[in-house]
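As stored in work_39.cif (mmCIF, C-alpha atoms):
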data_start
#
loop_
_atom_site.label_atom_id
_atom_site.label_comp_id
_atom_site.auth_asym_id
_atom_site.auth_seq_id
_atom_site.Cartn_x
_atom_site.Cartn_y
_atom_site.Cartn_z
CA MET F 922 11.27 -22.16 -4.43
CA ALA F 923 13.32 -21.09 -7.46
CA HIS F 924 13.24 -17.59 -8.87
CA PRO F 925 10.30 -17.21 -11.33
CA LEU F 926 12.58 -16.02 -14.11
CA LEU F 927 14.89 -19.01 -13.77
CA ALA F 928 12.33 -21.50 -15.09
CA LEU F 929 11.25 -19.04 -17.77
CA VAL F 930 14.70 -18.45 -19.26
CA ALA F 931 15.56 -22.14 -18.94
CA ALA F 932 12.79 -23.00 -21.40
CA PRO F 933 13.77 -23.09 -25.09
CA PRO F 934 12.82 -19.93 -27.00
CA ASP F 935 9.89 -19.95 -29.40
CA HIS F 936 11.58 -19.09 -32.68
CA ASP F 937 8.24 -19.02 -34.49
CA ALA F 938 7.29 -15.98 -32.43
CA PRO F 939 10.58 -14.22 -31.61
CA PHE F 940 8.97 -11.03 -30.38
CA ARG F 941 6.33 -12.62 -28.11
CA THR F 942 7.26 -13.25 -24.51
CA PRO F 943 7.37 -17.00 -23.74
CA SER F 944 4.59 -17.10 -21.16
CA LEU F 945 2.04 -15.41 -23.38
CA SER F 946 0.01 -17.04 -26.11
CA ARG F 947 -2.18 -14.84 -28.26
CA HIS F 948 -5.44 -16.30 -26.92
CA ALA F 949 -4.31 -16.62 -23.30
CA ALA F 950 -3.17 -13.02 -23.25
CA ARG F 951 -6.49 -11.88 -24.69
CA ASP F 952 -8.48 -13.87 -22.11
CA ASP F 953 -6.34 -12.68 -19.19
CA ASN F 954 -6.56 -9.07 -20.31
CA ALA F 955 -10.34 -9.37 -20.70
CA ASP F 956 -10.70 -10.75 -17.17
CA VAL F 957 -8.47 -8.03 -15.73
CA ALA F 958 -10.38 -5.35 -17.64
CA ALA F 959 -13.74 -6.63 -16.42
CA LEU F 960 -12.66 -6.74 -12.79
CA GLY F 961 -10.98 -3.36 -13.08
CA ALA F 962 -14.02 -1.75 -14.62
CA ASP F 963 -16.19 -2.99 -11.75
CA ILE F 964 -13.76 -1.64 -9.13
CA VAL F 965 -13.48 1.71 -10.89
CA ALA F 966 -17.26 2.04 -11.13
CA ARG F 967 -17.68 1.27 -7.43
CA ILE F 968 -14.96 3.72 -6.38
CA ARG F 969 -16.41 6.44 -8.61
CA ALA F 970 -19.72 5.83 -6.82
CA GLY F 971 -18.02 6.41 -3.46
CA ASP F 972 -17.73 2.76 -2.37
CA ALA F 973 -15.12 2.91 0.42
CA ARG F 974 -14.85 -0.87 0.60
CA ALA F 975 -13.87 -1.06 -3.05
CA PHE F 976 -11.20 1.57 -2.47
CA GLU F 977 -9.95 -0.29 0.62
CA SER F 978 -9.62 -3.47 -1.44
CA VAL F 979 -7.41 -1.60 -3.91
CA VAL F 980 -5.29 -0.24 -1.07
CA ARG F 981 -4.87 -3.70 0.47
CA GLU F 982 -3.93 -5.28 -2.84
CA TYR F 983 -1.55 -2.67 -4.19
CA PHE F 984 -0.02 -0.72 -1.31
CA THR F 985 2.86 -3.11 -0.58
CA PRO F 986 3.78 -3.90 -4.21
CA LEU F 987 3.69 -0.20 -5.05
CA ALA F 988 5.79 0.72 -2.02
CA ARG F 989 8.40 -1.89 -2.91
CA PHE F 990 8.42 -0.63 -6.49
CA VAL F 991 8.79 3.02 -5.48
CA PHE F 992 11.53 2.16 -2.97
CA GLY F 993 13.82 1.40 -5.90
CA PHE F 994 13.53 5.01 -7.03
CA VAL F 995 13.65 6.85 -3.71
CA GLN F 996 15.73 4.47 -1.53
CA SER F 997 13.71 5.32 1.54
CA TYR F 998 10.89 3.23 3.00
CA GLU F 999 9.28 6.31 4.50
CA ASP F 1000 9.40 8.22 1.22
CA ALA F 1001 8.13 5.19 -0.69
CA GLU F 1002 5.13 4.87 1.60
CA ASP F 1003 4.48 8.61 1.35
CA VAL F 1004 4.50 8.42 -2.45
CA VAL F 1005 2.06 5.52 -2.50
CA GLN F 1006 -0.22 7.16 0.06
CA GLU F 1007 -0.26 10.32 -2.04
CA VAL F 1008 -1.11 8.40 -5.21
CA LEU F 1009 -3.90 6.43 -3.53
CA CYS F 1010 -5.31 9.44 -1.67
CA ARG F 1011 -5.40 11.36 -4.93
CA VAL F 1012 -7.47 8.56 -6.45
CA TRP F 1013 -10.01 8.74 -3.63
CA GLU F 1014 -10.11 12.53 -3.49
CA ARG F 1015 -10.77 12.74 -7.23
CA ARG F 1016 -12.80 9.57 -7.49
CA ASP F 1017 -15.71 11.19 -9.30
CA ALA F 1018 -13.51 11.80 -12.35
CA TRP F 1019 -11.18 8.81 -11.99
CA ALA F 1020 -10.82 7.06 -15.36
CA PRO F 1021 -7.77 4.77 -15.53
CA GLY F 1022 -8.02 3.92 -19.19
CA ALA F 1023 -5.16 1.38 -19.12
CA GLY F 1024 -6.56 -0.40 -16.05
CA VAL F 1025 -6.24 0.04 -12.30
CA ARG F 1026 -2.90 -1.71 -11.87
CA ALA F 1027 -1.19 -0.01 -14.81
CA TYR F 1028 -2.53 3.36 -13.71
CA LEU F 1029 -1.26 2.96 -10.14
CA PHE F 1030 2.22 1.79 -11.14
CA ALA F 1031 2.52 4.57 -13.71
CA ALA F 1032 1.31 7.20 -11.24
CA ALA F 1033 3.69 5.90 -8.55
CA ARG F 1034 6.60 5.90 -10.96
CA ASN F 1035 5.90 9.47 -12.11
CA ARG F 1036 5.55 10.71 -8.55
CA ALA F 1037 8.77 8.97 -7.52
CA LEU F 1038 10.66 10.51 -10.44
CA ASN F 1039 9.40 13.94 -9.45
CA LEU F 1040 10.54 13.39 -5.86
CA ARG F 1041 14.15 12.71 -6.73
CA ALA F 1042 16.48 14.25 -9.28
CA HIS F 1043 16.61 12.37 -12.56
CA GLU F 1044 20.35 11.69 -12.35
CA LEU F 1045 19.74 9.48 -9.28
CA VAL F 1046 17.03 7.38 -10.89
CA VAL F 1047 19.36 5.07 -12.83
CA SER F 1048 21.32 3.95 -9.78
CA ARG F 1049 18.23 3.62 -7.62
CA THR F 1050 16.39 1.57 -10.23
CA ARG F 1051 19.44 -0.70 -10.27
CA VAL F 1052 19.02 -1.19 -6.54
CA ALA F 1053 15.32 -1.99 -7.01
CA VAL F 1054 16.16 -4.65 -9.57
CA ARG F 1055 18.88 -6.07 -7.35
CA ASP F 1056 16.30 -6.32 -4.56
CA ALA F 1057 13.94 -8.12 -6.93
CA PHE F 1058 16.70 -10.58 -7.81
CA GLY F 1059 18.21 -10.55 -4.31
CA GLU F 1060 19.86 -13.29 -2.32
CA PRO F 1061 17.77 -16.46 -2.63
CA PRO F 1062 16.53 -18.22 0.51
CA PHE F 1063 18.84 -21.20 0.03
CA GLU F 1064 21.40 -20.66 2.76
CA SER F 1065 21.43 -24.11 4.38
CA ALA F 1066 24.40 -26.44 4.00
CA ASP F 1067 22.40 -28.91 1.92
CA ALA F 1068 21.25 -26.28 -0.58
CA ASP F 1069 21.38 -27.31 -4.20
CA GLU F 1070 24.68 -25.97 -5.53
CA GLU F 1071 23.61 -26.08 -9.16
CA LEU F 1072 20.54 -23.99 -8.42
CA GLN F 1073 22.66 -21.55 -6.40
CA GLU F 1074 25.01 -21.14 -9.33
CA SER F 1075 22.14 -20.62 -11.78
CA LEU F 1076 20.64 -17.93 -9.54
CA ARG F 1077 24.01 -16.23 -9.21
CA ARG F 1078 24.46 -16.17 -12.98
CA LEU F 1079 20.91 -14.92 -13.40
CA ARG F 1080 21.61 -11.96 -11.10
CA LEU F 1081 24.84 -11.14 -12.93
CA ALA F 1082 23.11 -11.35 -16.31
CA THR F 1083 20.27 -9.15 -15.06
CA ASP F 1084 22.73 -6.52 -13.86
CA ALA F 1085 24.20 -6.45 -17.37
CA LEU F 1086 20.86 -5.54 -18.97
CA SER F 1087 19.84 -1.99 -19.74
CA GLU F 1088 17.88 -0.05 -17.14
CA ARG F 1089 14.77 -0.21 -19.31
CA GLN F 1090 15.07 -3.98 -19.77
CA ARG F 1091 15.52 -4.53 -16.03
CA LEU F 1092 12.52 -2.35 -15.23
CA ALA F 1093 10.37 -4.15 -17.81
CA LEU F 1094 11.33 -7.57 -16.40
CA HIS F 1095 10.67 -6.39 -12.86
CA LEU F 1096 7.19 -5.13 -13.74
CA ARG F 1097 6.28 -8.14 -15.88
CA TYR F 1098 7.62 -11.05 -13.83
CA GLU F 1099 8.07 -9.69 -10.29
CA GLN F 1100 4.98 -7.47 -10.11
CA GLY F 1101 2.93 -9.59 -12.52
CA LEU F 1102 1.78 -6.78 -14.82
CA THR F 1103 0.51 -7.70 -18.26
CA VAL F 1104 2.43 -6.59 -21.35
CA PRO F 1105 -0.03 -3.72 -22.07
CA GLU F 1106 0.29 -2.60 -18.44
CA VAL F 1107 4.10 -2.67 -18.63
CA ALA F 1108 3.87 -0.68 -21.85
CA HIS F 1109 1.70 1.91 -20.12
CA VAL F 1110 4.18 2.29 -17.26
CA LEU F 1111 7.13 2.58 -19.66
CA GLU F 1112 5.13 4.96 -21.88
CA ILE F 1113 5.64 2.90 -25.03
CA SER F 1114 3.29 0.71 -27.08
CA PRO F 1115 2.76 -3.02 -26.36
CA ARG F 1116 4.61 -4.31 -29.44
CA PRO F 1117 7.95 -2.65 -28.57
CA THR F 1118 7.41 -3.82 -25.00
CA GLU F 1119 7.11 -7.42 -26.20
CA ARG F 1120 10.35 -7.02 -28.15
CA LEU F 1121 12.06 -5.43 -25.14
CA LEU F 1122 11.04 -8.33 -22.89
CA ALA F 1123 11.88 -10.98 -25.49
CA ARG F 1124 15.37 -9.60 -26.04
CA ALA F 1125 15.99 -9.30 -22.30
CA LEU F 1126 14.91 -12.92 -21.79
CA ASP F 1127 17.09 -14.04 -24.71
CA ALA F 1128 20.05 -12.30 -23.07
CA LEU F 1129 19.38 -14.01 -19.75
CA ARG F 1130 18.90 -17.36 -21.46
CA GLY F 1131 22.19 -16.94 -23.28
CA ALA F 1132 24.02 -16.16 -20.04
CA LEU F 1133 22.64 -19.29 -18.39
CA THR F 1134 23.47 -21.62 -21.28
CA ARG F 1135 27.07 -20.54 -21.83
#
Show me, as structure tokens, the structure contained in the file I just sent.
Amino acid sequence: MAHPLLALVAAPPDHDAPFRTPSLSRHAARDDNADVAALGADIVARIRAGDARAFESVVREYFTPLARFVFGFVQSYEDAEDVVQEVLCRVWERRDAWAPGAGVRAYLFAAARNRALNLRAHELVVSRTRVAVRDAFGEPPFESADADEELQESLRRLRLATDALSERQRLALHLRYEQGLTVPEVAHVLEISPRPTERLLARALDALRGALTR
């Protein structure tokens, strides 16, 4: 299975909408966000009411993605798990007042990111985020002798091009296409508005596309 970004950057850019990420149409994004919001509101209401099963479903769904995300900041599996446990436990302990306005997923990733940044000195964050992105674009599972050489070369160039992006661009791509967050959720984690987030993603994808078509 090819890397999800490889097919995305291989597609021709939509010049009629230069600041909109390729996978999002205006109506599709609105429908997806509405579905996510509806499901999230139901989960939040149940957790606020003390529904342990609803909370357990959130833990099952998000613990591993959050731990993998936090690992890029702290470079320790144990610390990453501790951070995620603390974030999730805080949600349950304060469930009566829990109000994740941007949605459950965006709230959890933002909370995990903030806690991870507090755990380690800021000067280490850049290098550790680089490691997280490298993990996200790590060695592909095509090690057999009959592996497709052209695909291998495309993946290699994709990793090199990703390493050349800014830290913020790499983090945005990781959240959007590795973790599957929506653009508004990525914006919430990055603490910027959705429109600049769309531009950030579009420019990062254009840079990757350019590297693959040279």
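Across the model, the gap from CA of Ala1082 (chain F) to CA of Thr1134 (chain F) is 11.4 Å.
Across the structure, CA of Phe976 (chain F) and CA of Arg1034 (chain F) are spaced 20.2 Å apart.
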Kindly resolve the PyMOL selection byres ((chain F and resi 986) around 12) on the present coordinates and return the residues as a tab-separated table (two decimals) with C-alpha atoms, in the coordinates of the input.
chain	number	residue	atom	x	y	z
F	979	VAL	CA	-7.41	-1.60	-3.91
F	980	VAL	CA	-5.29	-0.24	-1.07
F	981	ARG	CA	-4.87	-3.70	0.47
F	982	GLU	CA	-3.93	-5.28	-2.84
F	983	TYR	CA	-1.55	-2.67	-4.19
F	984	PHE	CA	-0.02	-0.72	-1.31
F	985	THR	CA	2.86	-3.11	-0.58
F	987	LEU	CA	3.69	-0.20	-5.05
F	988	ALA	CA	5.79	0.72	-2.02
F	989	ARG	CA	8.40	-1.89	-2.91
F	990	PHE	CA	8.42	-0.63	-6.49
F	991	VAL	CA	8.79	3.02	-5.48
F	992	PHE	CA	11.53	2.16	-2.97
F	993	GLY	CA	13.82	1.40	-5.90
F	1001	ALA	CA	8.13	5.19	-0.69
F	1002	GLU	CA	5.13	4.87	1.60
F	1005	VAL	CA	2.06	5.52	-2.50
F	1026	ARG	CA	-2.90	-1.71	-11.87
F	1029	LEU	CA	-1.26	2.96	-10.14
F	1030	PHE	CA	2.22	1.79	-11.14
F	1033	ALA	CA	3.69	5.90	-8.55
F	1057	ALA	CA	13.94	-8.12	-6.93
F	1095	HIS	CA	10.67	-6.39	-12.86
F	1096	LEU	CA	7.19	-5.13	-13.74
F	1099	GLU	CA	8.07	-9.69	-10.29
F	1100	GLN	CA	4.98	-7.47	-10.11
F	1101	GLY	CA	2.93	-9.59	-12.52
F	1102	LEU	CA	1.78	-6.78	-14.82
The PyMOL selection byres ((chain F and resi 1008) around 8) resolved against shown file, as number ranges by chain: F: 1004-1007, 1009-1012, 1029, 1032-1033, 1036
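Note that the spacing between CA of Arg1078 (chain F) and CA of Ala1128 (chain F) amounts to 11.7 Å.
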I'd like to see the residues matched by the PyMOL selection byres ((chain F and resi 964) around 12) on this file, and ideally I'd get them as an MDAnalysis selection string. chainID F and resid 957:963 965:980 1016 1019:1021 1024:1026
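Checking F:Ser997, F:Gly1022, F:Leu1121, F:Asn1035 one by one against Val1104 (chain F), counting all atoms listed in the file, you find the shortest gap at F:Leu1121.
Using only C-alpha atoms for every distance, the candidate list F:Ser1075, F:Leu1111, F:Leu1133, F:Asp1003 yields F:Leu1111 as the residue closest to Glu1088 (chain F).
Considering the residues F:Glu1119, F:Asp1127, F:Glu1112, F:Glu1106 and counting all atoms listed in the file, Ala1027 (chain F) has its shortest atom-to-atom contact with F:Glu1106.
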